[in-house]
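Here is the file entry.json (JSON, C-alpha atoms).
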```json
[["chain", "number", "residue", "atom", "x", "y", "z"],
["T", 1, "MET", "CA", 79.61, 70.62, 120.91],
["T", 2, "SER", "CA", 78.96, 68.65, 117.73],
["T", 3, "PHE", "CA", 82.54, 68.59, 116.47],
["T", 4, "ARG", "CA", 86.11, 68.67, 117.72],
["T", 5, "VAL", "CA", 89.32, 70.14, 116.39],
["T", 6, "LEU", "CA", 91.74, 67.34, 115.51],
["T", 7, "GLY", "CA", 94.86, 69.46, 115.09],
["T", 8, "THR", "CA", 96.44, 72.27, 113.14],
["T", 9, "ASN", "CA", 96.78, 71.46, 109.45],
["T", 10, "HIS", "CA", 98.80, 74.46, 108.26],
["T", 11, "THR", "CA", 99.19, 78.21, 108.37],
["T", 12, "SER", "CA", 98.80, 80.08, 105.07],
["T", 13, "PHE", "CA", 100.36, 83.26, 103.73],
["T", 14, "THR", "CA", 99.64, 85.04, 100.46],
["T", 15, "VAL", "CA", 102.94, 86.20, 98.98],
["T", 16, "SER", "CA", 104.03, 88.40, 96.08],
["T", 17, "ASN", "CA", 106.84, 86.15, 94.83],
["T", 18, "LEU", "CA", 106.49, 82.46, 95.60],
["T", 19, "ASP", "CA", 110.01, 81.48, 94.55],
["T", 20, "ARG", "CA", 111.58, 84.21, 96.70],
["T", 21, "THR", "CA", 109.52, 83.18, 99.72],
["T", 22, "ILE", "CA", 110.29, 79.49, 99.21],
["T", 23, "ALA", "CA", 114.01, 80.34, 99.01],
["T", 24, "PHE", "CA", 113.84, 82.14, 102.37],
["T", 25, "PHE", "CA", 112.07, 79.31, 104.18],
["T", 26, "ARG", "CA", 114.14, 76.58, 102.48],
["T", 27, "ASP", "CA", 117.61, 78.12, 102.34],
["T", 28, "CYS", "CA", 117.59, 80.34, 105.42],
["T", 29, "LEU", "CA", 115.31, 78.44, 107.81],
["T", 30, "GLY", "CA", 116.02, 74.94, 106.52],
["T", 31, "PHE", "CA", 112.38, 74.06, 105.82],
["T", 32, "GLU", "CA", 111.54, 71.20, 103.46],
["T", 33, "VAL", "CA", 109.62, 72.01, 100.28],
["T", 34, "ILE", "CA", 106.76, 69.52, 100.13],
["T", 35, "SER", "CA", 105.04, 70.64, 96.93],
["T", 36, "LYS", "CA", 104.56, 73.50, 94.49],
["T", 37, "ALA", "CA", 101.81, 73.51, 91.88],
["T", 38, "PRO", "CA", 99.11, 75.65, 90.28],
["T", 39, "ARG", "CA", 95.53, 75.04, 91.36],
["T", 40, "GLU", "CA", 92.48, 74.60, 89.16],
["T", 41, "LEU", "CA", 90.86, 78.01, 88.60],
["T", 42, "VAL", "CA", 87.25, 76.87, 89.07],
["T", 43, "LEU", "CA", 88.05, 75.12, 92.36],
["T", 44, "THR", "CA", 90.06, 78.08, 93.63],
["T", 45, "GLU", "CA", 87.28, 80.51, 92.74],
["T", 46, "ARG", "CA", 84.77, 78.36, 94.63],
["T", 47, "VAL", "CA", 86.97, 77.93, 97.72],
["T", 48, "THR", "CA", 88.04, 81.59, 98.00],
["T", 49, "GLY", "CA", 84.89, 83.24, 96.66],
["T", 50, "ILE", "CA", 87.14, 85.36, 94.41],
["T", 51, "PRO", "CA", 86.40, 85.39, 90.65],
["T", 52, "GLY", "CA", 89.61, 84.93, 88.66],
["T", 53, "ALA", "CA", 91.54, 83.50, 91.64],
["T", 54, "ASP", "CA", 94.44, 82.09, 89.65],
["T", 55, "ILE", "CA", 97.01, 80.73, 92.13],
["T", 56, "VAL", "CA", 100.15, 78.69, 92.58],
["T", 57, "VAL", "CA", 100.52, 77.01, 95.97],
["T", 58, "ALA", "CA", 103.58, 75.67, 97.75],
["T", 59, "TYR", "CA", 103.82, 73.80, 101.03],
["T", 60, "VAL", "CA", 106.94, 73.97, 103.18],
["T", 61, "ARG", "CA", 107.46, 72.08, 106.41],
["T", 62, "GLY", "CA", 109.50, 73.23, 109.38],
["T", 63, "PRO", "CA", 109.84, 71.80, 112.86],
["T", 64, "GLY", "CA", 106.35, 70.79, 113.98],
["T", 65, "HIS", "CA", 104.35, 72.77, 111.42],
["T", 66, "SER", "CA", 103.61, 73.27, 107.73],
["T", 67, "LEU", "CA", 103.13, 76.53, 105.87],
["T", 68, "GLU", "CA", 101.02, 77.03, 102.77],
["T", 69, "LEU", "CA", 102.42, 79.78, 100.56],
["T", 70, "ILE", "CA", 100.10, 81.16, 97.88],
["T", 71, "GLU", "CA", 100.93, 83.46, 94.99],
["T", 72, "PHE", "CA", 97.93, 84.92, 93.14],
["T", 73, "HIS", "CA", 98.28, 85.68, 89.43],
["T", 74, "GLY", "CA", 94.65, 86.81, 89.24],
["T", 75, "PRO", "CA", 92.44, 88.68, 89.70],
["T", 76, "ALA", "CA", 94.22, 91.80, 88.47],
["T", 77, "SER", "CA", 92.96, 93.93, 91.36],
["T", 78, "ARG", "CA", 94.86, 92.85, 94.46],
["T", 79, "GLY", "CA", 96.05, 94.85, 97.47],
["T", 80, "LYS", "CA", 98.80, 94.46, 100.03],
["T", 81, "VAL", "CA", 98.17, 94.12, 103.76],
["T", 82, "SER", "CA", 100.33, 96.35, 105.91],
["T", 83, "CYS", "CA", 99.66, 96.19, 109.62],
["T", 84, "ARG", "CA", 101.41, 96.67, 112.92],
["T", 85, "ALA", "CA", 101.30, 94.20, 115.80],
["T", 86, "CYS", "CA", 98.74, 96.44, 117.54],
["T", 87, "ASP", "CA", 96.30, 96.45, 114.61],
["T", 88, "THR", "CA", 93.26, 94.21, 114.94],
["T", 89, "GLY", "CA", 93.70, 91.20, 112.68],
["T", 90, "ALA", "CA", 97.50, 91.40, 112.76],
["T", 91, "PHE", "CA", 99.22, 88.04, 112.87],
["T", 92, "HIS", "CA", 102.63, 86.50, 113.33],
["T", 93, "LEU", "CA", 104.27, 83.11, 113.71],
["T", 94, "ALA", "CA", 106.71, 82.56, 116.55],
["T", 95, "TYR", "CA", 109.74, 80.31, 116.12],
["T", 96, "GLY", "CA", 112.14, 79.19, 118.80],
["T", 97, "VAL", "CA", 115.77, 79.64, 117.73],
["T", 98, "ASP", "CA", 119.04, 78.67, 119.37],
["T", 99, "ASP", "CA", 120.90, 81.84, 118.34],
["T", 100, "LEU", "CA", 118.84, 85.01, 117.89],
["T", 101, "ASP", "CA", 121.76, 87.14, 116.71],
["T", 102, "GLY", "CA", 122.76, 84.48, 114.18],
["T", 103, "ALA", "CA", 119.21, 84.27, 112.87],
["T", 104, "LEU", "CA", 118.92, 88.05, 112.50],
["T", 105, "GLN", "CA", 122.23, 88.16, 110.65],
["T", 106, "ALA", "CA", 121.14, 85.38, 108.27],
["T", 107, "PHE", "CA", 117.78, 87.06, 107.66],
["T", 108, "LYS", "CA", 119.47, 90.26, 106.39],
["T", 109, "GLU", "CA", 120.51, 88.47, 103.19],
["T", 110, "TYR", "CA", 116.83, 87.83, 102.48],
["T", 111, "GLU", "CA", 115.66, 91.35, 103.45],
["T", 112, "VAL", "CA", 113.75, 89.99, 106.44],
["T", 113, "LEU", "CA", 114.47, 92.73, 108.95],
["T", 114, "PRO", "CA", 113.75, 93.47, 112.63],
["T", 115, "VAL", "CA", 110.87, 95.83, 113.34],
["T", 116, "ALA", "CA", 112.67, 96.90, 116.55],
["T", 117, "ALA", "CA", 115.85, 96.01, 118.43],
["T", 118, "PRO", "CA", 115.87, 92.58, 120.12],
["T", 119, "ILE", "CA", 114.93, 92.58, 123.80],
["T", 120, "THR", "CA", 115.65, 90.40, 126.80],
["T", 121, "VAL", "CA", 112.52, 89.63, 128.80],
["T", 122, "ASP", "CA", 113.06, 90.67, 132.42],
["T", 123, "ALA", "CA", 109.93, 89.25, 134.10],
["T", 124, "GLY", "CA", 107.16, 86.70, 133.71],
["T", 125, "PRO", "CA", 107.13, 83.20, 132.24],
["T", 126, "ASN", "CA", 109.64, 84.08, 129.49],
["T", 127, "LYS", "CA", 112.12, 85.78, 131.83],
["T", 128, "GLY", "CA", 115.61, 85.65, 130.35],
["T", 129, "ALA", "CA", 114.46, 84.90, 126.81],
["T", 130, "ARG", "CA", 115.60, 87.11, 123.96],
["T", 131, "ILE", "CA", 112.92, 88.11, 121.47],
["T", 132, "ALA", "CA", 112.78, 89.95, 118.16],
["T", 133, "PHE", "CA", 110.02, 90.56, 115.63],
["T", 134, "VAL", "CA", 111.01, 90.59, 111.96],
["T", 135, "ARG", "CA", 109.03, 91.49, 108.84],
["T", 136, "ASP", "CA", 109.59, 90.29, 105.30],
["T", 137, "TRP", "CA", 109.08, 92.17, 102.02],
["T", 138, "ASP", "CA", 105.39, 91.17, 101.97],
["T", 139, "GLY", "CA", 104.74, 92.34, 105.53],
["T", 140, "ILE", "CA", 104.70, 88.84, 107.03],
["T", 141, "MET", "CA", 105.83, 89.04, 110.64],
["T", 142, "LEU", "CA", 107.77, 86.36, 112.48],
["T", 143, "GLU", "CA", 108.70, 86.37, 116.14],
["T", 144, "LEU", "CA", 112.02, 84.79, 117.06],
["T", 145, "ILE", "CA", 112.49, 83.55, 120.61],
["T", 146, "GLN", "CA", 115.77, 82.38, 122.06],
["T", 147, "ALA", "CA", 115.21, 80.62, 125.38],
["T", 148, "PRO", "CA", 117.68, 81.57, 128.15],
["T", 149, "SER", "CA", 119.68, 78.34, 127.93],
["T", 150, "THR", "CA", 119.86, 77.70, 124.17],
["T", 151, "LYS", "CA", 122.60, 80.09, 122.98],
["T", 152, "ILE", "CA", 125.20, 78.33, 120.85],
["T", 153, "GLU", "CA", 128.71, 79.23, 121.97]]
```
Same coordinates, now as structure tokens:
Amino acid sequence: MSFRVLGTNHTSFTVSNLDRTIAFFRDCLGFEVISKAPRELVLTERVTGIPGADIVVAYVRGPGHSLELIEFHGPASRGKVSCRACDTGAFHLAYGVDDLDGALQAFKEYEVLPVAAPITVDAGPNKGARIAFVRDWDGIMLELIQAPSTKIE
């Protein structure tokens, strides 16, 4: 192999409302806002291959990972991805939490809602963990995992 992967730089999501998404990650999850700025149109068009790719980009950092959040203001013709976990190309980020019920309650205020009721894993390497998938207003899915011994009393 002529190259090697040095690490994960970030995960990126395209969002419909950058300020709303930043508020969720900052105020609900406690992530740090690293930057927020528009990008040069010519550069963005060249990188994405999309004519008229007018964007504003924010970076937020949580425990062990950074997210790039992108809001497109152009081109005018843009769609919205809507997929289920079983659909090829579907994606999610998984976060460990110390109180799954507390997280789900806090997420309600931001309209980030469970796609199904939380479960307790009864076999395998995650036995005893509680898990829930949630989806935000843009269709971004997060998996929340509470390890068996991390519940706050």
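Minimum atom-to-atom distance to Arg84 (chain T), evaluated using all atoms listed in the file, belongs to T:Arg135 out of T:Arg130, T:Arg26, T:Arg46, T:Arg135.
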Check your understanding: Between CA of Thr88 (chain T) and CA of Asp136 (chain T), what is the spacing in Å?
Key ->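 CA of Asp136 (chain T) sits 19.4 Å away from CA of Thr88 (chain T).
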Enumerate, in order of chain and increasing residue number, the residues of region 11-109 of chain T with an atom no farther than 10 Å from region 117-122 of chain T, each with its shortest atom pair and distance in Å to one decimal, counting all atoms listed in the file, as a Markdown table.
```
| residue | atom | partner | partner_atom | distance |
| --- | --- | --- | --- | --- |
| T:Leu100 | CA | T:Pro118 | CA | 8.4 |
| T:Asp101 | CA | T:Pro118 | CA | 8.7 |
| T:Leu104 | CA | T:Pro118 | CA | 9.4 |
```
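In this structure, CA of Phe3 (chain T) sits 28.3 Å away from CA of Gly62 (chain T).
One finds CA of Glu111 (chain T) at 10.9 Å from CA of Thr21 (chain T).
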Produce the centre coordinates and the three edge lengths, each in Å to one decimal, of the box along x, y and z that contains all listed atoms of region 119-136 of chain T with 8 Å added on each side, as AutoDock Vina command-line options.
```
--center_x 111.4 --center_y 87.9 --center_z 119.7 --size_x 24.5 --size_y 25.4 --size_z 44.8
```
Exercise for review: Rank nothing, just name the residue among T:Ile34, T:Glu45, T:Gln146, T:Val115 nearest to Gly128 (chain T), using all atoms listed in the file.
Suggested key: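 That would be T:Gln146, the residue with the smallest distance to Gly128 (chain T).
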**Study point:** Option closest in space to Ala23 (chain T), from T:Phe107, T:Pro63, T:Val47, T:Lys80 [counting only C-alpha atoms]
**Key:**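 Smallest separation from Ala23 (chain T) among the options: T:Phe107.
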Practice item. For Pro125 (chain T), work out the shell of residues within 12 Å, counting only C-alpha atoms and skipping chain neighbours fewer than 4 positions away, then give it as a ChimeraX atom specification. Key: /T:121,129,147-148
Point to revise | Which of T:Leu29, T:Phe72, T:Met141, T:Ala53 sits closest to Ser16 (chain T) [using all atoms listed in the file] | key: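 Of all the options, T:Phe72 lies closest to Ser16 (chain T).
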Practice item. Excluding region 90-96 of chain T and any residue of its chain fewer than 5 positions from it, enumerate the residues within 9 Å of it, using only C-alpha atoms, and give them as a VMD selection string. Key: chain T and resid 11 82 to 85 133 140 to 147
Point to revise | Among listed residues T:Ile50, T:Ala58, T:Met1, T:Leu6, nearest Asp19 (chain T) (using all atoms listed in the file) | key: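 Among T:Ile50, T:Ala58, T:Met1, T:Leu6, it is T:Ala58 that comes nearest to Asp19 (chain T).
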Practice item. List the neighbours of Arg61 (chain T) out to 7 Å using only C-alpha atoms; skip same-chain residues closer than 5 positions along the sequence, and give me the result as a list in words. Key: Phe31, Glu32, Val33, Ile34, Ser66 and Leu67 of chain T
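Shortest atom-to-atom contact with His10 (chain T) among T:Leu69, T:Pro75, T:Arg39, T:Asp54: T:Leu69, counting all atoms listed in the file.
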How would region 74-86 of chain T look with N, CA and C atoms restored, written as a PDB file, in the frame of the given file?
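This went into rebuild_28.pdb:
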```pdb
ATOM      1  N   GLY T  74      95.913  86.167  89.549  1.00  0.00           N
ATOM      2  CA  GLY T  74      94.650  86.810  89.240  1.00  0.00           C
ATOM      3  C   GLY T  74      93.772  86.701  90.462  1.00  0.00           C
ATOM      4  N   PRO T  75      92.853  87.631  90.621  1.00  0.00           N
ATOM      5  CA  PRO T  75      92.440  88.680  89.700  1.00  0.00           C
ATOM      6  C   PRO T  75      93.477  89.810  89.630  1.00  0.00           C
ATOM      7  N   ALA T  76      93.277  90.700  88.654  1.00  0.00           N
ATOM      8  CA  ALA T  76      94.220  91.800  88.470  1.00  0.00           C
ATOM      9  C   ALA T  76      94.207  92.777  89.640  1.00  0.00           C
ATOM     10  N   SER T  77      93.051  92.976  90.238  1.00  0.00           N
ATOM     11  CA  SER T  77      92.960  93.930  91.360  1.00  0.00           C
ATOM     12  C   SER T  77      93.253  93.211  92.676  1.00  0.00           C
ATOM     13  N   ARG T  78      94.448  93.452  93.190  1.00  0.00           N
ATOM     14  CA  ARG T  78      94.860  92.850  94.460  1.00  0.00           C
ATOM     15  C   ARG T  78      95.562  93.931  95.276  1.00  0.00           C
ATOM     16  N   GLY T  79      95.394  93.889  96.585  1.00  0.00           N
ATOM     17  CA  GLY T  79      96.050  94.850  97.470  1.00  0.00           C
ATOM     18  C   GLY T  79      97.150  94.180  98.268  1.00  0.00           C
ATOM     19  N   LYS T  80      97.756  94.969  99.135  1.00  0.00           N
ATOM     20  CA  LYS T  80      98.800  94.460 100.030  1.00  0.00           C
ATOM     21  C   LYS T  80      98.444  94.859 101.450  1.00  0.00           C
ATOM     22  N   VAL T  81      98.450  93.881 102.343  1.00  0.00           N
ATOM     23  CA  VAL T  81      98.170  94.120 103.760  1.00  0.00           C
ATOM     24  C   VAL T  81      99.417  94.719 104.392  1.00  0.00           C
ATOM     25  N   SER T  82      99.225  95.763 105.172  1.00  0.00           N
ATOM     26  CA  SER T  82     100.330  96.350 105.910  1.00  0.00           C
ATOM     27  C   SER T  82      99.808  96.706 107.295  1.00  0.00           C
ATOM     28  N   CYS T  83     100.180  95.911 108.280  1.00  0.00           N
ATOM     29  CA  CYS T  83      99.660  96.190 109.620  1.00  0.00           C
ATOM     30  C   CYS T  83     100.781  96.086 110.653  1.00  0.00           C
ATOM     31  N   ARG T  84     100.503  96.711 111.781  1.00  0.00           N
ATOM     32  CA  ARG T  84     101.410  96.670 112.920  1.00  0.00           C
ATOM     33  C   ARG T  84     100.877  95.636 113.906  1.00  0.00           C
ATOM     34  N   ALA T  85     101.712  95.209 114.824  1.00  0.00           N
ATOM     35  CA  ALA T  85     101.300  94.200 115.800  1.00  0.00           C
ATOM     36  C   ALA T  85     100.080  94.632 116.599  1.00  0.00           C
ATOM     37  N   CYS T  86      99.867  95.930 116.755  1.00  0.00           N
ATOM     38  CA  CYS T  86      98.740  96.440 117.540  1.00  0.00           C
ATOM     39  C   CYS T  86      97.439  96.529 116.752  1.00  0.00           C
TER      40      CYS T  86
END
```
